Structure formats: structure tokens, C-alpha cells
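Heads up, the thing below is written out as C-alpha cells.
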Amino acid sequence: MIERHSPRKVVALTDGDVASLEISASGGAFAVLAREVLRRGGVVFGAALAEDGSVRHVSVESIDELHRLQGSKYAQGHVGGTFAECIKVLGQGREVLYSGLPCQIHGLRARVESSGLEHEQKERLLTCDLICHGTPSRKLFAVYLDWLADRHGADDGIHGFRFRTKEFGWGLYRYYYYYYRDGVLHEVSGGAGDDPYYHAFSRGVIYRKGCYKCPFCTTERVGDITIGDFWGVRKRMPGAYDPRGVSAVLLNTPKAVRFFEDRIADSGVCSWSDARLDDVVAEQVNLRHPTRRSAEDERVAARIERALEAGDYGEVFERLLPVDQGRNAKIRRALPKSVLRLLYGLRNGR
Ligand SMILES: Cc1cc2nc3c(=O)[nH]c(=O)nc-3n(C[C@H](O)[C@H](O)[C@H](O)COP(=O)(O)OP(=O)(O)OC[C@H]3O[C@@H](n4cnc5c(N)ncnc54)[C@H](O)[C@@H]3O)c2cc1C
Ligand code: SF4
């Protein structure tokens with residue numbers, strides 16, 4: 001039985017490194033924690049987007065490589081051999097930060113518990129879970145990239161997919177990718193609602209079945225630290241608001257509180273304020289219960305599964321998963337980017 005913990009301390013945090021904050025999905029809490037571990041010779045594990053478009057856990061040992069792990073990849077990943085690698089590194093007496101979805105952190109902790117490592121070696125592992133509303137399957141993301149590549153006539157697939165660029169500020173607004181056609185580079189960026197996969201992801205329609213019954217959607221956390229977007233911070237804690245992103249950081253174990261207080265709090269690497277757990281929970285459904293989907297969305301999901309089995313990807317991405325047809329989305333599509341940037345800037349107080 002893997003023990004869970006209620007948060008002991010909660011903070012709103014924004015990374016002080018502007019370049020790092022720009023490529024982080026939220027307020028850059030992950031990078032703040034990771035840099036501290038790397039600076040002292042530790043190893044950081046997290047999810048990277050591989051060249052073939054799959055999401056894979058990898059380890060990094062230098063701050064220069066950290067960018068590979070930054071940013072949200074909204075698809076199920078492979079942890080591969082990283083649990084074994086993590087145990088090996090701990091066995092060498094090094095410090096490890098392992099970040100992942102709560103179900104992955106649960107799996108890691110179970111492996112570490114039964115690994116035969118000494119208590120002091122286990123104590124050098126700091127786990128960081130994300131607030132998580134669910135992941136679509138690897139297969140769905142892979143065929144989506146294939147479908148996109150076909151649609152664009154790309155030479156060798158889609159590259160560098162980023163779900164959350166901060167082109168228009170912090171939020172689930174913009175995606176980006178690039179591809180080559182006849183050797184010529186093409187870059188694509190768009191609004192979340194303009195993309196069938198991203199729009200369905202944001203609406204919670206296409207997660208794996210288990211995500212709708214996820215046992216980790218609670219404030220009883222499996223990681224030492226939990227990070228997520230501090231949605232609603234502008235209203236609830238105006239002094240902590242930063243239009244470039246604010247992370248909610250839940251310090252769940254004594255080890256996590258010590259790490260934060262001894263190594264982050266006075267280091268000047270980020271701005272932070274004490275926060276109330278209730279203010280985080282109020283805007284985070286997935287700290288209260290798993291994502292719910294309507295009976296209609298379940299029927300759509302079943303049809304998607306059948307279409308995937310039949311290899312009919314056009315049916316999935318052109319008919320079953322329509323882009324946002326709402327009035328606002330249509331207005332957004334009609335506006336030039338410069339106007340959109342200005343409007344989002346005003347909305348976010350940039
Ligand atoms: C599938 C998914 C669902 C999420 N749901 C919510 C939510 O409901 N509410 C909320 O507030 N936040 C959610 N998040 C977290 C949020 O998107 C940010 O990842 C988080 O706030 C960390 O941001 P950051 O600025 O600190 O660092 P970033 O640099 O943006 O975060 C990078 C971290 O995210 C990890 N990561 C990215 N993609 C994956 C993946 N596919 N699998 C495992 N780990 C991954 C990396 O390992 C790294 O540790 C979700 C993230 C994912 C991947
Ligand atoms: S919702 Fe739960 S089961 Fe699904 S990916 Fe997130 S932590 Fe894992």
C-alpha cells in the first residue's frame with residue numbers, strides 16, 4: 001500500500017528565469033525544482049517528446065538539457081526503463097527528482113519500495129506529480145500526428161508539437177508544430193479550439209477509460225510535491241498573479257517542505273507567496289473527482305475506438321471530433337493574429 005499525503009504547505013510560484021518560464025506550461029515550478037536538483041549534481045526524470053512524436057520519460061543531468069522535459073504533452077507516455085534507472089541512480093547515492101502523472105508516480109514508488117534500497121538512498125528521491133485531468137491513448141496521439149502529416153503532405157511527419165505556447169499568454173490557447181514539404185519548412189500555430197485533437201482533449205472527451213475512474217483525483221497526493229496551473233489566482237490572490245504563468249505548488253511531505261524552505265524559498269530564483277489549498281481546489285476539478293463525460297461523449301468515444309480499429313482516421317478527426325463551432329471560436333478565426341494578441345493581452349493584463 002503506497003501512502004498518500006495531504007498538502008502541508010501550498011504556494012503560488014512563478015519562475016524568475018524568463019526564458020525558462022516562456023517554455024513552461026504554467027508558472028515554471030517544475031524547472032525551478034529541477035534546476036536546484038541538477039545544480040547539486042542530481043538527476044531529473046520527466047516526459048519528453050521523442051523525434052517520432054511519442055511521449056517518453058527520459059533522464060537529464062544538466063540544466064542545458066532541461067528544456068526537453070518542459071511543457072505539457074497531452075498524451076499518454078512511456079516510462080520505459082526509467083524506474084530501474086532511477087533506482088540505480090539512487091543506489092549511487094545521488095539525488096533524484098522524478099516528475100510524472102500521479103499514476104506513474106504511484107508505479108515508481110511501488111518499485112522503489114520493493115527495490116531493496118537503503119532508507120537514506122530512498123530519502124534522496126523527490127517525486128513530483130501533476131494535477132491531471134486525463135490522457136488520451138498513445139495510439140490516438142500517434143494516428144493524429146499521422147493524419148496531420150498526411151493532410152499537410154509532410155515529407156517526414158510532424159515535428160516539435162507544443163500544446164501550450166505562450167504566444168498569447170498563459171492559458172490553454174495556442175499550439176505549434178512544424179513540418180517539411182518538398183524540403184521547405186512550414187510552421188503552424190493555432191488556437192486550441194481549431195484543432196480536433198486538442199479541442200476534444202480540452203473538453204475531456206478522449207481520455208483512456210481508466211482516467212474517468214482515476215483514484216488520484218484527490219488532495220491526498222501520491223507525490224512529495226504536486227504542481228499544476230494556479231487557475232483563478234488573479235481573482236483570489238491578485239498580488240501573486242503574473243500574466244506569464246503561475247504554478248500551484250502543493251508540498252505534501254516533510255521532505256518536500258524541507259526542500260522548498262531550505263533550498264528554494266530564499267534563493268531568489270522565483271517569486272512565491274503562501275496560498276490556501278481551498279483556493280487551488282476551487283478551480284481544479286481533478287483535485288476533487290475524476291473527469292466526467294456525458295453519455296453522448298461516451299458514445300462518440302466508442303465510435304472513435306471502432307474507427308481507429310478500422311483505420312479510418314478521417315472519420316475520427318474530420319467527423320467525430322469537430323473543431324470548436326461556437327460563436328467566439330468563429331470570431332477568433334476571422335480576426336488577424338495581431339488583433340488576437342492584443343485582445344488576449346488585455347484579457348490577461350499583459
Ligand atoms: C496529461 C496532463 C494533464 C494535466 N492536467 C492538468 C489539470 O487538470 N490541471 C492543472 O492545473 N494542470 C494539469 N496538468 C499540468 C500542467 O499542464 C503543467 O504540466 C504543470 O502545471 C507543470 O507546469 P510547469 O510550468 O511547472 O512546468 P512544465 O515545464 O510545463 O512541466 C513539465 C513537466 O510536465 C511533465 N509532463 C509533461 N507532459 C507529460 C506527460 N504526458 N506525462 C507525464 N509527465 C508529463 C514533464 O515531465 C515535466 O515534469 C496536466 C499535465 C498533463 C501532462
Ligand atoms: S487521470 Fe489518473 S489514470 Fe489518467 S493519466 Fe491522469 S493520473 Fe493517470
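Order determines the names: the first chain of the C-alpha cells is A, the second B, and so forth; residues in each chain are numbered 1 upward, and ligands are numbered 1 upward as they are shown.
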Q | Contacts of ligand 1, 6 Å or closer, only C-alpha atoms and all ligand atoms, given as number ranges by chain | A | A: 24-30, 46-47, 69-77, 99-101, 130-135, 227-229, 247, 286
Q: With only C-alpha atoms and all ligand atoms counted, collect every polymer residue having an atom within 12 Å of ligand 2; state the result as JSON, numbers by chain.
A: {"A": [73, 74, 75, 76, 77, 78, 100, 101, 102, 103, 104, 105, 106, 107, 129, 130, 131, 132, 133, 134, 135, 136, 137, 138, 204, 206, 207, 208, 209, 210, 211, 212, 213, 214, 215, 216, 217, 218, 221, 222, 223, 226, 285, 286, 287, 288, 289, 290, 291, 292]}
**Q.** In segment 155-223 of chain A, DSSP helix (DSSP H, G or I) residues written as an MDAnalysis selection string
**A.** chainID A and resid 192:194 196:203 209:213
Q: as a VMD selection string, please: all residues of segment 55-176 of chain A that backbone DSSP puts in strand (DSSP E or B).
A: chain A and resid 55 to 60 78 96 to 100 125 to 130 159 to 165 174 to 176
Q: For Gly193 of chain A, work out the shell of residues within 7 Å, counting only C-alpha atoms and skipping chain neighbours fewer than 6 positions away, then give it as a PyMOL selection string.
A: chain A and resi 199+323-324+329
Emit the selected residues as a CSV table (one decimal), in the first residue's frame, including all heavy atoms.
```csv
chain,number,residue,atom,x,y,z
A,199,HIS,N,-9.0,20.2,-29.1
A,199,HIS,CA,-10.3,20.6,-28.7
A,199,HIS,C,-11.0,19.5,-27.9
A,199,HIS,O,-11.6,19.7,-26.8
A,199,HIS,CB,-11.1,21.1,-29.9
A,199,HIS,CG,-12.5,21.6,-29.5
A,199,HIS,ND1,-12.7,22.6,-28.6
A,199,HIS,CD2,-13.7,21.3,-30.0
A,199,HIS,CE1,-13.9,22.9,-28.5
A,199,HIS,NE2,-14.6,22.1,-29.3
A,323,VAL,N,-13.9,20.6,-34.8
A,323,VAL,CA,-13.3,21.7,-34.1
A,323,VAL,C,-14.4,22.6,-33.5
A,323,VAL,O,-15.6,22.4,-33.8
A,323,VAL,CB,-12.4,22.5,-35.1
A,323,VAL,CG1,-11.3,21.7,-35.7
A,323,VAL,CG2,-13.3,23.1,-36.2
A,324,ASP,N,-14.0,23.5,-32.7
A,324,ASP,CA,-14.9,24.3,-31.9
A,324,ASP,C,-15.8,25.1,-32.9
A,324,ASP,O,-15.3,25.9,-33.7
A,324,ASP,CB,-14.1,25.3,-31.0
A,324,ASP,CG,-15.0,26.0,-30.0
A,324,ASP,OD1,-16.3,25.9,-30.2
A,324,ASP,OD2,-14.5,26.7,-29.1
A,329,ALA,N,-15.4,31.1,-31.1
A,329,ALA,CA,-14.3,30.5,-31.9
A,329,ALA,C,-14.4,31.0,-33.4
A,329,ALA,O,-13.3,31.2,-34.0
A,329,ALA,CB,-14.5,28.9,-31.9
```
Q. In terms of the shortest atom-to-atom distance over only C-alpha atoms, which of A:Trp170, A:Tyr197, A:Tyr180, A:Phe163 is closest to Asp242 of chain A?
A.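 Going through A:Trp170, A:Tyr197, A:Tyr180, A:Phe163 one by one, the smallest distance to Asp242 of chain A is for A:Trp170.
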**Q.** Nearest residue to Ile63 of chain A from the set A:Ala31, A:Val233, A:Val188, A:Leu321 (distances using only C-alpha atoms)
**A.**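 Looking at the shortest contact to Ile63 of chain A, the residue is A:Ala31.
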Can I get the residues of segment 293-329 of chain A within 8 Å of segment 139-148 of chain A, each with the closest pair of atoms and their distance in Å to one decimal, using only C-alpha atoms, sorted chain first then ascending number, as a Markdown table?
```
| residue | atom | partner | partner_atom | distance |
| --- | --- | --- | --- | --- |
| A:Leu308 | CA | A:Leu140 | CA | 7.9 |
| A:Tyr313 | CA | A:Trp147 | CA | 6.7 |
| A:Gly314 | CA | A:Trp147 | CA | 7.6 |
| A:Phe317 | CA | A:Tyr144 | CA | 7.6 |
```
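For Ala302 of chain A, the list of residues within 12 Å, based on only C-alpha atoms and with local chain neighbours fewer than 3 positions off taken out, reads Val205, Ile206, Tyr207, Arg208, Lys209, Ala295, Glu296, Asp297, Glu298, Arg299, Glu305, Arg306, Ala307, Leu308, Glu309, Val316 and Leu320 of chain A.
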Export of prior selection with C-alpha atoms as a compact mmCIF listing (two decimals), in the first residue's frame:
```txt
# COMPACT_ATOMS: atom_id res chain seq x y z
CA VAL A 205 -13.87 13.54 -24.38
CA ILE A 206 -10.94 11.34 -25.42
CA TYR A 207 -9.13 10.15 -22.32
CA ARG A 208 -8.41 6.49 -21.64
CA LYS A 209 -11.30 4.74 -19.88
CA ALA A 295 -23.42 9.77 -22.23
CA GLU A 296 -23.22 11.38 -25.67
CA ASP A 297 -19.43 11.81 -25.37
CA GLU A 298 -19.16 8.15 -24.33
CA ARG A 299 -20.99 7.14 -27.48
CA GLU A 305 -12.47 3.30 -30.97
CA ARG A 306 -14.25 1.45 -33.76
CA ALA A 307 -12.98 3.90 -36.39
CA LEU A 308 -9.42 3.54 -35.06
CA GLU A 309 -9.67 -0.24 -35.27
CA VAL A 316 -12.10 10.30 -36.30
CA LEU A 320 -16.34 12.53 -34.84
```
**Q.** 9 Å contact set for Gly93 of chain A, only C-alpha atoms, chain neighbours under 5 positions out, as a PyMOL selection string
**A.** chain A and resi 120-121+124
Selected residues, C-alpha atoms, written as a PDB file, in the first residue's frame, please.
```
ATOM      1  CA  GLU A 120      18.848   7.011   3.187  1.00  0.00           C
ATOM      2  CA  GLN A 121      19.019   6.214  -0.528  1.00  0.00           C
ATOM      3  CA  ARG A 124      17.138  11.148  -1.825  1.00  0.00           C
TER       4      ARG A 124
END
```
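Counting only C-alpha atoms and comparing A:Gly190, A:Gly171, A:Gly349, A:Gly239, the residue that lies closest to Arg332 of chain A is A:Gly190.
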Q) Quick one: of A:Phe83, A:Phe201, A:Phe168, A:Tyr178, who's nearest to Lys337 of chain A, counting only C-alpha atoms? A) A:Phe168
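Take the candidates A:Val55, A:Val10, A:Leu185, A:Cys270 and check each one against Thr253 of chain A using only C-alpha atoms; the shortest distance goes to A:Val10.
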Q: Find the residues around Glu61 of chain A up to 12 Å (only C-alpha atoms counted), leave out those fewer than 2 positions away in its own chain, and share them as a list in words.
A: Ala34, Arg35, Glu36, Val37, Leu38, Arg39, Arg40, Gly41, Gly42, Val43, Val44, Phe45, Gly46, Val58, Ser59, Ile63, Asp64, Glu65, Leu66, His67, Arg68, Leu69, Val89, Arg94, Glu95, Val96 and Leu97 of chain A
Q. Suppose you want the space between atom CA of Trp231 of chain A and atom CA of Asp266 of chain A; what is it in Å?
A.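 Computed distance, atom CA of Trp231 of chain A to atom CA of Asp266 of chain A, equals 24.8 Å.
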Q) So which residues touch Gly53 of chain A within 8 Å, counting only C-alpha atoms, skipping near sequence neighbours fewer than 4 positions away, as a list in words? A)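 Residues near the query, excluding close chain neighbours: Leu49, Ala142, Leu145, Ile158, His159, Gly160 and Phe161 of chain A.
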